[in-house]
Each structure stands twice: as C-alpha cells, then as structure tokens.
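For reference, start31.cif is printed below; it contains mmCIF, C-alpha atoms and all ligand atoms.
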data_query
loop_
_atom_site.label_atom_id
_atom_site.label_comp_id
_atom_site.auth_asym_id
_atom_site.auth_seq_id
_atom_site.Cartn_x
_atom_site.Cartn_y
_atom_site.Cartn_z
CA MET K 20 -31.76 2.29 14.84
CA LYS K 21 -29.81 -0.73 16.12
CA THR K 22 -31.76 -3.01 13.77
CA TRP K 23 -31.14 -0.62 10.90
CA LEU K 24 -27.39 -0.37 11.68
CA LYS K 25 -27.18 -4.16 11.82
CA ALA K 26 -28.84 -4.51 8.41
CA LEU K 27 -26.63 -1.84 6.83
CA PRO K 28 -24.09 -3.73 4.65
CA LYS K 29 -20.75 -2.94 6.29
CA ALA K 30 -17.16 -3.44 5.15
CA GLU K 31 -14.46 -3.71 7.78
CA LEU K 32 -11.10 -2.42 6.52
CA HIS K 33 -9.09 -2.32 9.75
CA LEU K 34 -9.08 -5.57 11.69
CA HIS K 35 -6.20 -7.46 13.31
CA ILE K 36 -7.23 -11.11 13.22
CA GLU K 37 -5.08 -11.86 16.29
CA GLY K 38 -7.11 -9.15 18.04
CA THR K 39 -10.29 -11.20 17.56
CA LEU K 40 -9.06 -13.93 19.93
CA GLU K 41 -11.71 -14.22 22.65
CA PRO K 42 -10.60 -15.54 26.07
CA GLU K 43 -12.69 -18.73 25.64
CA LEU K 44 -10.79 -19.73 22.49
CA MET K 45 -7.51 -18.55 24.05
CA PHE K 46 -8.00 -21.08 26.87
CA GLU K 47 -9.08 -23.84 24.50
CA LEU K 48 -6.05 -23.38 22.25
CA ALA K 49 -3.69 -23.06 25.22
CA ALA K 50 -4.90 -26.42 26.53
CA ARG K 51 -4.70 -28.05 23.09
CA ASN K 52 -1.16 -26.78 22.48
CA GLY K 53 0.26 -27.15 25.97
CA VAL K 54 0.73 -23.41 26.48
CA THR K 55 0.65 -22.09 30.05
CA LEU K 56 -1.34 -18.87 30.40
CA PRO K 57 -0.69 -16.48 33.30
CA TYR K 58 -4.43 -16.52 34.13
CA ALA K 59 -6.47 -18.93 36.21
CA SER K 60 -9.77 -18.31 34.44
CA ILE K 61 -11.53 -16.65 31.53
CA ASP K 62 -12.83 -13.97 33.92
CA GLU K 63 -9.25 -13.23 34.96
CA VAL K 64 -8.27 -12.67 31.33
CA ARG K 65 -11.14 -10.24 30.83
CA ALA K 66 -10.27 -8.46 34.07
CA ALA K 67 -6.73 -7.90 32.73
CA TYR K 68 -8.15 -5.88 29.80
CA GLU K 69 -7.60 -2.50 31.42
CA PHE K 70 -5.28 -0.54 29.20
CA SER K 71 -3.49 2.73 29.88
CA ASN K 72 -2.07 3.16 26.36
CA LEU K 73 -1.20 1.27 23.18
CA GLN K 74 1.83 -0.52 24.68
CA SER K 75 -0.09 -1.91 27.66
CA PHE K 76 -2.52 -3.48 25.18
CA LEU K 77 0.22 -4.77 22.85
CA ASP K 78 1.85 -6.66 25.75
CA LEU K 79 -1.35 -8.70 26.27
CA TYR K 80 -2.05 -8.99 22.56
CA TYR K 81 1.32 -10.62 21.81
CA GLN K 82 1.02 -12.86 24.84
CA GLY K 83 -2.48 -13.99 23.80
CA MET K 84 -1.61 -14.81 20.20
CA ALA K 85 1.16 -17.19 21.37
CA VAL K 86 -1.52 -19.90 21.79
CA LEU K 87 -1.82 -20.07 17.97
CA HIS K 88 0.29 -23.01 16.75
CA THR K 89 -1.33 -24.75 13.79
CA GLU K 90 -3.19 -24.00 10.56
CA GLN K 91 -6.31 -25.33 12.27
CA ASP K 92 -5.84 -22.78 15.12
CA PHE K 93 -5.71 -19.88 12.64
CA PHE K 94 -8.70 -21.33 10.80
CA GLU K 95 -10.76 -21.56 13.99
CA LEU K 96 -9.71 -18.06 15.09
CA ALA K 97 -10.79 -16.52 11.79
CA MET K 98 -13.98 -18.62 11.51
CA ALA K 99 -15.07 -17.54 15.00
CA TYR K 100 -14.54 -13.96 13.88
CA PHE K 101 -16.45 -14.46 10.61
CA ASP K 102 -19.40 -15.96 12.57
CA ARG K 103 -19.59 -12.79 14.68
CA ALA K 104 -18.98 -10.46 11.73
CA HIS K 105 -21.84 -12.08 9.81
CA ALA K 106 -24.12 -11.60 12.81
CA ASP K 107 -23.09 -7.90 12.80
CA GLY K 108 -24.09 -7.42 9.14
CA VAL K 109 -20.52 -7.31 7.81
CA VAL K 110 -20.27 -8.22 4.11
CA HIS K 111 -16.55 -7.66 3.50
CA VAL K 112 -13.48 -7.92 5.73
CA GLU K 113 -9.85 -6.97 5.25
CA LEU K 114 -8.00 -8.95 7.86
CA SER K 115 -4.48 -8.14 8.74
CA PHE K 116 -2.10 -10.46 10.53
CA ASP K 117 1.37 -9.98 12.02
CA PRO K 118 3.67 -12.70 10.65
CA GLN K 119 6.69 -11.72 12.77
CA PRO K 120 5.54 -12.89 16.23
CA HIS K 121 4.40 -16.20 14.70
CA LEU K 122 7.64 -16.77 12.77
CA LEU K 123 9.68 -15.83 15.84
CA ARG K 124 7.81 -18.56 17.75
CA GLY K 125 9.00 -21.02 15.13
CA LEU K 126 5.92 -21.33 12.90
CA GLU K 127 6.35 -21.73 9.15
CA PRO K 128 4.84 -18.88 7.08
CA SER K 129 2.43 -21.40 5.54
CA VAL K 130 0.70 -21.89 8.93
CA PRO K 131 -1.00 -18.46 9.22
CA PHE K 132 -1.40 -18.08 5.45
CA GLU K 133 -3.07 -21.45 4.83
CA GLY K 134 -5.19 -21.39 7.98
CA LEU K 135 -6.51 -17.87 7.37
CA GLU K 136 -7.14 -18.48 3.69
CA ARG K 137 -9.14 -21.62 4.37
CA ALA K 138 -11.36 -19.58 6.71
CA MET K 139 -11.69 -16.82 4.08
CA ARG K 140 -12.90 -19.37 1.49
CA GLU K 141 -15.30 -20.90 4.01
CA ALA K 142 -16.71 -17.46 4.95
CA GLU K 143 -17.35 -16.72 1.30
CA GLN K 144 -19.28 -19.97 0.85
CA ARG K 145 -21.10 -19.98 4.17
CA TYR K 146 -21.92 -16.27 4.53
CA ASP K 147 -21.17 -14.58 1.19
CA ILE K 148 -18.57 -12.50 3.03
CA SER K 149 -15.75 -11.40 0.74
CA SER K 150 -12.35 -10.78 2.26
CA ALA K 151 -8.80 -9.70 1.60
CA LEU K 152 -5.56 -10.45 3.42
CA ILE K 153 -3.09 -7.84 4.68
CA MET K 154 0.35 -8.74 6.04
CA SER K 155 1.49 -6.19 8.63
CA PHE K 156 4.99 -5.49 9.83
CA VAL K 157 5.73 -4.85 13.49
CA ARG K 158 7.22 -1.36 13.57
CA ASP K 159 9.05 -1.72 16.90
CA ARG K 160 11.18 -4.45 15.35
CA SER K 161 13.90 -3.75 12.80
CA ALA K 162 13.39 -2.80 9.17
CA GLU K 163 15.91 -5.52 8.25
CA GLU K 164 13.70 -8.16 9.83
CA ALA K 165 10.65 -6.80 7.98
CA MET K 166 12.61 -6.97 4.71
CA THR K 167 13.57 -10.60 5.43
CA VAL K 168 9.92 -11.48 6.10
CA LEU K 169 8.85 -9.74 2.89
CA GLU K 170 11.31 -11.86 0.90
CA GLN K 171 10.57 -15.03 2.87
CA THR K 172 6.85 -14.83 2.02
CA ARG K 173 7.28 -14.39 -1.74
CA ALA K 174 5.28 -17.56 -2.45
CA TRP K 175 2.18 -15.93 -0.92
CA HIS K 176 2.51 -12.38 -2.25
CA HIS K 177 0.00 -12.97 -5.03
CA ARG K 178 -2.63 -13.68 -2.38
CA LEU K 179 -1.99 -10.45 -0.43
CA ALA K 180 -4.18 -7.40 -0.97
CA ALA K 181 -1.62 -5.16 0.75
CA ILE K 182 1.07 -4.89 3.38
CA GLY K 183 0.58 -2.82 6.53
CA LEU K 184 2.57 -1.37 9.42
CA ASP K 185 1.40 -1.67 13.02
CA SER K 186 2.38 -2.05 16.69
CA ALA K 187 4.16 0.59 18.84
CA GLU K 188 4.04 3.83 16.88
CA LEU K 189 5.90 6.43 18.97
CA GLY K 190 9.63 6.36 18.27
CA ASN K 191 9.11 4.20 15.16
CA PRO K 192 8.37 6.72 12.40
CA PRO K 193 7.31 5.56 8.94
CA GLU K 194 10.65 6.57 7.38
CA LYS K 195 12.26 3.64 9.23
CA PHE K 196 10.47 1.31 6.75
CA ALA K 197 11.03 3.28 3.53
CA ALA K 198 13.23 0.58 1.94
CA VAL K 199 10.82 -2.25 2.82
CA PHE K 200 7.85 -0.38 1.38
CA GLU K 201 9.85 0.59 -1.71
CA ARG K 202 10.59 -3.11 -2.25
CA ALA K 203 6.87 -3.90 -1.85
CA ARG K 204 6.09 -1.20 -4.43
CA GLU K 205 8.54 -2.82 -6.87
CA LEU K 206 6.80 -6.14 -6.23
CA GLY K 207 3.43 -4.52 -7.04
CA ILE K 208 1.95 -4.81 -3.54
CA PRO K 209 -0.32 -1.97 -2.28
CA ARG K 210 0.75 -0.38 0.99
CA LEU K 211 -1.04 0.77 4.16
CA ALA K 212 0.24 2.00 7.52
CA HIS K 213 -1.01 2.85 10.98
CA ALA K 214 -0.25 6.53 11.53
CA GLY K 215 -1.52 9.27 13.79
CA GLU K 216 -3.00 6.93 16.42
CA GLU K 217 -0.50 7.67 19.21
CA GLY K 218 2.07 9.21 16.88
CA PRO K 219 1.97 12.83 15.69
CA ALA K 220 0.49 14.22 12.47
CA THR K 221 3.97 14.16 10.88
CA TYR K 222 3.77 10.34 10.92
CA ILE K 223 0.70 10.59 8.65
CA SER K 224 2.41 12.76 6.04
CA GLY K 225 5.52 10.59 6.50
CA ALA K 226 3.54 7.44 5.68
CA MET K 227 2.25 9.09 2.50
CA ASP K 228 5.64 10.49 1.42
CA ALA K 229 8.08 7.77 2.53
CA LEU K 230 5.86 4.68 2.21
CA GLY K 231 3.45 5.56 -0.61
CA VAL K 232 0.40 4.32 1.29
CA CYS K 233 -3.08 4.28 -0.28
CA ARG K 234 -4.82 4.30 3.11
CA ILE K 235 -4.03 5.50 6.62
CA ASP K 236 -5.02 3.29 9.55
CA HIS K 237 -6.39 5.55 12.32
CA GLY K 238 -5.09 9.00 11.29
CA VAL K 239 -7.13 10.68 14.02
CA ARG K 240 -4.35 13.09 14.98
CA CYS K 241 -4.38 14.74 11.52
CA LEU K 242 -6.51 17.60 12.87
CA GLU K 243 -3.39 18.93 14.61
CA ASP K 244 -2.09 20.05 11.20
CA PRO K 245 -4.51 22.06 9.00
CA ALA K 246 -2.25 21.74 5.93
CA LEU K 247 -2.27 17.97 6.31
CA VAL K 248 -6.07 17.98 6.61
CA GLU K 249 -6.26 19.89 3.30
CA ARG K 250 -3.97 17.33 1.68
CA LEU K 251 -5.91 14.34 3.03
CA LYS K 252 -9.10 15.96 1.81
CA SER K 253 -7.87 16.82 -1.68
CA GLU K 254 -6.43 13.31 -2.14
CA GLN K 255 -9.50 11.77 -0.47
CA MET K 256 -7.07 9.58 1.46
CA PRO K 257 -9.11 7.01 3.39
CA LEU K 258 -8.75 6.99 7.19
CA THR K 259 -9.75 3.70 8.83
CA VAL K 260 -10.90 5.03 12.19
CA CYS K 261 -11.53 2.69 15.14
CA PRO K 262 -13.74 4.51 17.66
CA LEU K 263 -13.91 1.99 20.52
CA SER K 264 -10.21 1.15 20.15
CA ASN K 265 -9.36 4.83 20.63
CA VAL K 266 -11.41 4.88 23.84
CA TYR K 267 -9.93 1.63 25.22
CA LEU K 268 -6.35 2.76 24.47
CA LYS K 269 -6.95 6.24 25.88
CA VAL K 270 -6.32 8.03 22.60
CA VAL K 271 -9.45 9.89 23.68
CA GLU K 272 -10.94 10.04 27.16
CA ARG K 273 -14.48 9.27 26.07
CA LEU K 274 -16.12 8.74 22.69
CA GLU K 275 -18.00 12.05 23.02
CA ASN K 276 -14.56 13.77 22.80
CA HIS K 277 -13.47 11.81 19.72
CA PRO K 278 -12.42 13.89 16.68
CA LEU K 279 -14.72 11.86 14.37
CA PRO K 280 -17.34 14.61 13.90
CA GLY K 281 -14.52 17.06 13.09
CA LEU K 282 -13.00 14.64 10.56
CA LEU K 283 -16.37 14.37 8.80
CA GLU K 284 -16.93 18.15 8.86
CA GLN K 285 -13.57 18.58 7.15
CA GLY K 286 -14.75 16.34 4.30
CA LEU K 287 -12.28 13.52 5.00
CA LYS K 288 -12.89 10.00 3.72
CA VAL K 289 -13.54 8.23 7.00
CA THR K 290 -14.49 4.60 7.62
CA LEU K 291 -15.51 2.92 10.90
CA ASN K 292 -13.71 -0.24 12.04
CA SER K 293 -13.21 -2.45 15.08
CA ASP K 294 -9.39 -2.93 15.16
CA ASP K 295 -9.16 -5.63 17.90
CA PRO K 296 -12.76 -6.50 18.78
CA ALA K 297 -11.95 -9.10 21.47
CA TYR K 298 -10.04 -6.47 23.43
CA PHE K 299 -11.94 -3.25 22.71
CA GLY K 300 -15.59 -3.84 23.52
CA GLY K 301 -16.89 -5.58 20.44
CA GLY K 302 -17.14 -5.65 16.69
CA MET K 303 -18.42 -3.46 13.89
CA LEU K 304 -22.00 -3.22 15.12
CA ASN K 305 -20.92 -2.14 18.61
CA ASN K 306 -18.70 0.54 17.06
CA PHE K 307 -21.56 1.83 14.91
CA ILE K 308 -23.98 1.80 17.86
CA ALA K 309 -21.46 3.56 20.14
CA CYS K 310 -21.08 6.32 17.51
CA HIS K 311 -24.84 6.67 17.28
CA ASP K 312 -25.08 7.02 21.05
CA ALA K 313 -22.15 9.47 21.26
CA PHE K 314 -22.79 11.65 18.21
CA GLY K 315 -26.48 11.14 17.39
CA TRP K 316 -25.67 10.66 13.70
CA ASP K 317 -28.55 10.06 11.31
CA GLN K 318 -28.94 7.24 8.81
CA ALA K 319 -27.47 9.34 5.98
CA THR K 320 -24.19 9.74 7.92
CA PHE K 321 -23.89 6.01 8.59
CA ARG K 322 -24.80 5.24 4.97
CA GLN K 323 -21.97 7.54 3.83
CA LEU K 324 -19.47 5.93 6.23
CA ALA K 325 -20.42 2.45 5.02
CA ARG K 326 -20.22 3.65 1.41
CA ASN K 327 -16.71 5.07 1.97
CA ALA K 328 -15.52 1.64 3.11
CA LEU K 329 -17.07 -0.19 0.14
CA GLU K 330 -15.53 2.33 -2.27
CA GLU K 331 -12.05 1.86 -0.79
CA ALA K 332 -12.18 -1.90 -0.24
CA PHE K 333 -9.95 -4.36 -2.07
CA MET K 334 -12.92 -6.00 -3.78
CA ASN K 335 -13.80 -6.86 -7.36
CA ASP K 336 -15.78 -4.11 -9.07
CA GLU K 337 -18.72 -6.31 -9.94
CA ARG K 338 -19.29 -7.11 -6.26
CA ARG K 339 -18.63 -3.50 -5.27
CA SER K 340 -21.27 -2.10 -7.61
CA ARG K 341 -23.73 -4.72 -6.39
CA LEU K 342 -23.14 -3.66 -2.75
CA LEU K 343 -23.04 0.10 -3.29
C1 LIG K 401 -3.04 -2.49 17.08
CL1 LIG K 401 -4.80 -0.71 18.06
C2 LIG K 401 -3.31 -1.14 17.33
N1 LIG K 401 -2.42 -0.20 17.05
C3 LIG K 401 -1.24 -0.56 16.54
N2 LIG K 401 -0.92 -1.83 16.28
C4 LIG K 401 -1.80 -2.78 16.55
N3 LIG K 401 -1.76 -4.10 16.39
C5 LIG K 401 -2.90 -4.61 16.83
N4 LIG K 401 -3.69 -3.64 17.26
ZN ZN K 402 -4.91 -1.34 14.14
#

Hey, can you dump this file as structure tokens for me?
Ligand code: ES4
Ligand code: ZN
Amino acid sequence: MKTWLKALPKAELHLHIEGTLEPELMFELAARNGVTLPYASIDEVRAAYEFSNLQSFLDLYYQGMAVLHTEQDFFELAMAYFDRAHADGVVHVELSFDPQPHLLRGLEPSVPFEGLERAMREAEQRYDISSALIMSFVRDRSAEEAMTVLEQTRAWHHRLAAIGLDSAELGNPPEKFAAVFERARELGIPRLAHAGEEGPATYISGAMDALGVCRIDHGVRCLEDPALVERLKSEQMPLTVCPLSNVYLKVVERLENHPLPGLLEQGLKVTLNSDDPAYFGGGMLNNFIACHDAFGWDQATFRQLARNALEEAFMNDERRSRLL
C-alpha cells in the first residue's frame, strides 16, 4: 500500500513554505546570515517540537523563519521542499508564504517572491511539478497592516494564485479582514482562509460570507454545525485537511479520533495536506500513510481524495485533465 500511495499522483493545496524549514537548513542559514538561534544543536531544535496548541507552534515557527534573509535562502528552502515532495509522489503544490514577518524584519517584498518563484520554475523543469503561489495574511496582526501589504505587493499580484489567512485563529474572526478581502476581490484575486482549525464552526461560515473564500483551510470543526455541513456539501466547498498537523497541535488527541471519516461520510470535498511538514511529522506521503494506518481506507478512497485536490487546484485545465 505504501508503494501504491507513493505512486498515486498527489496535489498539495495547503502548505506553508516556512513550515518546511528543517532544522539542518535552519542551522545552515543561521550561520550564513549571522543569526543566533536559542538552540545548541539540531537535536535540541527537534526536541523543542512538542506543541500544546497552535500558538505554541507559531512561536517556534516565527522564530525559525527569521533565518531567511535573501532570495537565495527562499530558493533553497523551497527547493529542499520540492526535492522531498517529488520523492513523495507530489505532482502539484500550492505554497503559501507569510509576507508580514519577513517585511517586519526589513526584507523587501521582492526577496520572498523572487526566491520562491525561481524555485517554482526549477521544480517544473527538474521534476515536472506544477505550483501556485499563495500570499497569506497573519490574522493576529491588524487588518490595516494586511491592507498595506496587499497594496505594497501590487507588482506581484499577477503571479499570485490566491491570498490566504493564517496564524492564531481564536479571537481573530474572519470578519476582521472583510475590507482586505473585498479589496482583493476588486483586484481579481481568489481568496482562501484558515477556518475551523482551533476556531469554531462560525468562523467557517464567516469566511464564506465575509471573505468570499473559494476554499477553507482545515475546516474540521464544521461537524459541530449540521446546517453548515449541508451548506459545505451543497456548495462542494473544498476543505484542505491536514491530519498530522491536527494531531501535533492537539486539535485531536490521536488520528483515530479525527473527524476525517465523518467528513467523508457527509459527502464533503476533502483533500489531504501536510501544512508544516518540518514540524508535524512529515510530508504528503506520511499523511497518506498515517490515514491508511488509522482508518484502513482502501485505494478507492485515496484515489477520490487525490482527485478532489486535482479538481480544486489552481492549475491549467490541460494539465489537470492529463493528471485526472
Ligand atoms: C499554520 Cl497549522 C497553522 N495554522 C494556522 N496558521 C499557520 N501558519 C503556519 N501553520
Ligand atoms: Zn495551515
């Protein structure tokens, strides 16, 4: 089954590129850029990856990404990810990045954009992996700052597949960003948002109503509201679910208790994704294998999950029909 899951052509729709930073590269970039890390060794970094909730992870995630200084750093980060994704049988990736922490550290917007795009072109040539770029706003910072970043990155908007909304969910409901997402709609940019990971089901309907999203990242708490489940089903709203992430961040106690089987039974359009593979126990293949071990799904179920992702991907239709 593992061999079969590896060969299954997979599209990853929910991936934070800063969350692919492995400790080895973190140390290498820290040394290159003169950044002091609060760890003595790579083992110490890995030992720190014990999370009690989303915030305890985010603290390490923002600290780790501060080693990224140059276009070349972003290129190497993304290329290292593409190498592993290719080995996992991934054929398409939608990588999101958080511009705000990088801009706040003094980087120019061109640094992440140009570095990531060079890696995306290289992955296409080297591995025939297609990809799309998503710019995500940090929801525990102000809507005004997000609006400024949206305007400040105008020169790159034509290269974005979508904008997203991530980081600390509780206390930062989607409505806070209604004006920013309305501006993105006017500019013709598709919109996504994390919702219903730690936040309640109302954040999922809020993201649809106030932000006009075409996809919900996570969405696992939708089962708390049967009317919402009906709506998600009738609209076939994609949910980019991240099984191992939910275990590592204690959204569920163990994968066997994850609502995934219930989401599928309800006829929802679910995809499987890795979220932050360097922090949450591995990439796409590990997520697929963990679901096989926890739920005993057959090949038809995995084929459907992979198909859902290809159908919903930002990908040209000629490539999509070739992969489907
Ligand atoms: C994230 Cl798992 C998760 N949730 C919300 N925001 C994030 N940013 C990176 N990983
Ligand atoms: Zn995420």

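Near ligand ZN 402 (chain K), the residues found within 8 Å are His33, Leu34, His35, Asp185, Ser186, His213, Asp236, His237, Cys261, Asp294 and Asp295 of chain K (criterion computed using only C-alpha atoms and all ligand atoms).
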
**Q.** Selection as a VMD selection string: residues within 9 Å of ligand LIG 401 (chain K) by only C-alpha atoms and all ligand atoms
**A.** chain K and resid 34 to 38 73 to 74 76 to 77 80 to 81 115 to 117 155 157 to 158 184 to 188 213 to 214 216 to 217 236 to 237 261 264 to 265 268 294 to 295 299

Q. Can you tell me, as a ChimeraX atom specification, what residues are no more than 12 Å from His111 in chain K when counting only C-alpha atoms, ignoring any on the same chain fewer than 3 positions away?
A. /K:28-34,101,104-105,107-108,114,139,142-143,146-152,292,303,325,328-335,338-339,342

Q) For the atom pair CA of Glu113 in chain K and CA of Ser75 in chain K, what is the interatomic distance in Å to one decimal place? A)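 Result for CA of Glu113 in chain K versus CA of Ser75 in chain K: 25.0 Å, one decimal.
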
(Q) With distances taken over all atoms listed in the file, which residue among K:Ala106, K:Val239, K:Ala297, K:Ile182 lies nearest Ala26 in chain K? (A) K:Ala106

Q: Within 12 Å of (-10.8, 5.7, 26.1) (coordinates as in the file), grab all the protein and nucleic acid residues, counting all atoms listed in the file, and write them out as a ChimeraX atom specification.
A: /K:69-73,261-277,299-300

**Q.** range 173-181 of chain K surroundings by only C-alpha atoms, 7 Å radius, close-in-sequence under 3 positions cut, as a PyMOL selection string
**A.** chain K and resi 151-154+169-170+208-211+333

Could you give me, as a short mmCIF file (atom, residue, chain, number, x, y, z; two decimals) with C-alpha atoms, in the frame of the given file, the residues within 12 Å of Ala246 in chain K, counting all atoms listed in the file and dropping anything in the same chain fewer than 5 positions from it?
data_model
loop_
_atom_site.label_atom_id
_atom_site.label_comp_id
_atom_site.auth_asym_id
_atom_site.auth_seq_id
_atom_site.Cartn_x
_atom_site.Cartn_y
_atom_site.Cartn_z
CA ALA K 220 0.49 14.22 12.47
CA THR K 221 3.97 14.16 10.88
CA ILE K 223 0.70 10.59 8.65
CA SER K 224 2.41 12.76 6.04
CA CYS K 241 -4.38 14.74 11.52
CA LEU K 251 -5.91 14.34 3.03
CA LYS K 252 -9.10 15.96 1.81
CA SER K 253 -7.87 16.82 -1.68
CA GLN K 285 -13.57 18.58 7.15
#

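Going from CA of Arg145 in chain K to CA of Ala99 in chain K covers 12.6 Å.
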
Q. Quick one: distance from CA of Ile308 in chain K to CA of Val260 in chain K in Å, one decimal?
A.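 Between these atoms lies a distance of 14.6 Å.
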
Take range 189-216 of chain K, bring it up to N, CA and C atoms, and give me the output as a PDB file, keeping the file's coordinate frame.
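part_30.pdb, freshly written:
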ATOM      1  N   LEU K 189       4.990   5.366  18.548  1.00  0.00           N
ATOM      2  CA  LEU K 189       5.900   6.430  18.970  1.00  0.00           C
ATOM      3  C   LEU K 189       7.348   5.955  18.962  1.00  0.00           C
ATOM      4  N   GLY K 190       8.224   6.733  18.360  1.00  0.00           N
ATOM      5  CA  GLY K 190       9.630   6.360  18.270  1.00  0.00           C
ATOM      6  C   GLY K 190       9.942   5.452  17.090  1.00  0.00           C
ATOM      7  N   ASN K 191       8.912   5.043  16.346  1.00  0.00           N
ATOM      8  CA  ASN K 191       9.110   4.200  15.160  1.00  0.00           C
ATOM      9  C   ASN K 191       8.433   4.850  13.961  1.00  0.00           C
ATOM     10  N   PRO K 192       9.009   5.949  13.470  1.00  0.00           N
ATOM     11  CA  PRO K 192       8.370   6.720  12.400  1.00  0.00           C
ATOM     12  C   PRO K 192       8.344   5.932  11.093  1.00  0.00           C
ATOM     13  N   PRO K 193       7.453   6.307  10.192  1.00  0.00           N
ATOM     14  CA  PRO K 193       7.310   5.560   8.940  1.00  0.00           C
ATOM     15  C   PRO K 193       8.606   5.485   8.129  1.00  0.00           C
ATOM     16  N   GLU K 194       9.416   6.532   8.190  1.00  0.00           N
ATOM     17  CA  GLU K 194      10.650   6.570   7.380  1.00  0.00           C
ATOM     18  C   GLU K 194      11.551   5.369   7.657  1.00  0.00           C
ATOM     19  N   LYS K 195      11.453   4.812   8.875  1.00  0.00           N
ATOM     20  CA  LYS K 195      12.260   3.640   9.230  1.00  0.00           C
ATOM     21  C   LYS K 195      12.037   2.487   8.235  1.00  0.00           C
ATOM     22  N   PHE K 196      10.835   2.434   7.625  1.00  0.00           N
ATOM     23  CA  PHE K 196      10.470   1.310   6.750  1.00  0.00           C
ATOM     24  C   PHE K 196      10.445   1.679   5.267  1.00  0.00           C
ATOM     25  N   ALA K 197      11.079   2.807   4.921  1.00  0.00           N
ATOM     26  CA  ALA K 197      11.030   3.280   3.530  1.00  0.00           C
ATOM     27  C   ALA K 197      11.537   2.213   2.553  1.00  0.00           C
ATOM     28  N   ALA K 198      12.649   1.553   2.876  1.00  0.00           N
ATOM     29  CA  ALA K 198      13.230   0.580   1.940  1.00  0.00           C
ATOM     30  C   ALA K 198      12.322  -0.646   1.783  1.00  0.00           C
ATOM     31  N   VAL K 199      11.711  -1.086   2.879  1.00  0.00           N
ATOM     32  CA  VAL K 199      10.820  -2.250   2.820  1.00  0.00           C
ATOM     33  C   VAL K 199       9.607  -1.940   1.949  1.00  0.00           C
ATOM     34  N   PHE K 200       9.038  -0.752   2.145  1.00  0.00           N
ATOM     35  CA  PHE K 200       7.850  -0.380   1.380  1.00  0.00           C
ATOM     36  C   PHE K 200       8.203  -0.103  -0.083  1.00  0.00           C
ATOM     37  N   GLU K 201       9.401   0.398  -0.329  1.00  0.00           N
ATOM     38  CA  GLU K 201       9.850   0.590  -1.710  1.00  0.00           C
ATOM     39  C   GLU K 201       9.967  -0.775  -2.408  1.00  0.00           C
ATOM     40  N   ARG K 202      10.486  -1.756  -1.690  1.00  0.00           N
ATOM     41  CA  ARG K 202      10.590  -3.110  -2.250  1.00  0.00           C
ATOM     42  C   ARG K 202       9.194  -3.672  -2.544  1.00  0.00           C
ATOM     43  N   ALA K 203       8.243  -3.440  -1.634  1.00  0.00           N
ATOM     44  CA  ALA K 203       6.870  -3.900  -1.850  1.00  0.00           C
ATOM     45  C   ALA K 203       6.267  -3.210  -3.084  1.00  0.00           C
ATOM     46  N   ARG K 204       6.579  -1.923  -3.246  1.00  0.00           N
ATOM     47  CA  ARG K 204       6.090  -1.200  -4.430  1.00  0.00           C
ATOM     48  C   ARG K 204       6.629  -1.842  -5.708  1.00  0.00           C
ATOM     49  N   GLU K 205       7.938  -2.148  -5.702  1.00  0.00           N
ATOM     50  CA  GLU K 205       8.540  -2.820  -6.870  1.00  0.00           C
ATOM     51  C   GLU K 205       7.854  -4.153  -7.152  1.00  0.00           C
ATOM     52  N   LEU K 206       7.440  -4.832  -6.082  1.00  0.00           N
ATOM     53  CA  LEU K 206       6.800  -6.140  -6.230  1.00  0.00           C
ATOM     54  C   LEU K 206       5.310  -6.001  -6.583  1.00  0.00           C
ATOM     55  N   GLY K 207       4.826  -4.753  -6.642  1.00  0.00           N
ATOM     56  CA  GLY K 207       3.430  -4.520  -7.040  1.00  0.00           C
ATOM     57  C   GLY K 207       2.422  -4.703  -5.923  1.00  0.00           C
ATOM     58  N   ILE K 208       2.862  -4.599  -4.676  1.00  0.00           N
ATOM     59  CA  ILE K 208       1.950  -4.810  -3.540  1.00  0.00           C
ATOM     60  C   ILE K 208       1.495  -3.452  -2.980  1.00  0.00           C
ATOM     61  N   PRO K 209       0.184  -3.213  -2.888  1.00  0.00           N
ATOM     62  CA  PRO K 209      -0.320  -1.970  -2.280  1.00  0.00           C
ATOM     63  C   PRO K 209       0.114  -1.864  -0.814  1.00  0.00           C
ATOM     64  N   ARG K 210       0.170  -0.625  -0.333  1.00  0.00           N
ATOM     65  CA  ARG K 210       0.750  -0.380   0.990  1.00  0.00           C
ATOM     66  C   ARG K 210      -0.168   0.472   1.874  1.00  0.00           C
ATOM     67  N   LEU K 211      -0.259   0.063   3.144  1.00  0.00           N
ATOM     68  CA  LEU K 211      -1.040   0.770   4.160  1.00  0.00           C
ATOM     69  C   LEU K 211      -0.150   0.959   5.375  1.00  0.00           C
ATOM     70  N   ALA K 212      -0.503   1.874   6.261  1.00  0.00           N
ATOM     71  CA  ALA K 212       0.240   2.000   7.520  1.00  0.00           C
ATOM     72  C   ALA K 212      -0.637   2.620   8.590  1.00  0.00           C
ATOM     73  N   HIS K 213      -0.462   2.135   9.831  1.00  0.00           N
ATOM     74  CA  HIS K 213      -1.010   2.850  10.980  1.00  0.00           C
ATOM     75  C   HIS K 213      -0.226   4.157  11.101  1.00  0.00           C
ATOM     76  N   ALA K 214      -0.937   5.245  11.327  1.00  0.00           N
ATOM     77  CA  ALA K 214      -0.250   6.530  11.530  1.00  0.00           C
ATOM     78  C   ALA K 214      -1.213   7.493  12.205  1.00  0.00           C
ATOM     79  N   GLY K 215      -0.678   8.288  13.133  1.00  0.00           N
ATOM     80  CA  GLY K 215      -1.520   9.270  13.790  1.00  0.00           C
ATOM     81  C   GLY K 215      -2.534   8.660  14.736  1.00  0.00           C
ATOM     82  N   GLU K 216      -2.177   7.513  15.348  1.00  0.00           N
ATOM     83  CA  GLU K 216      -3.000   6.930  16.420  1.00  0.00           C
ATOM     84  C   GLU K 216      -2.434   7.482  17.739  1.00  0.00           C
TER      85      GLU K 216
END
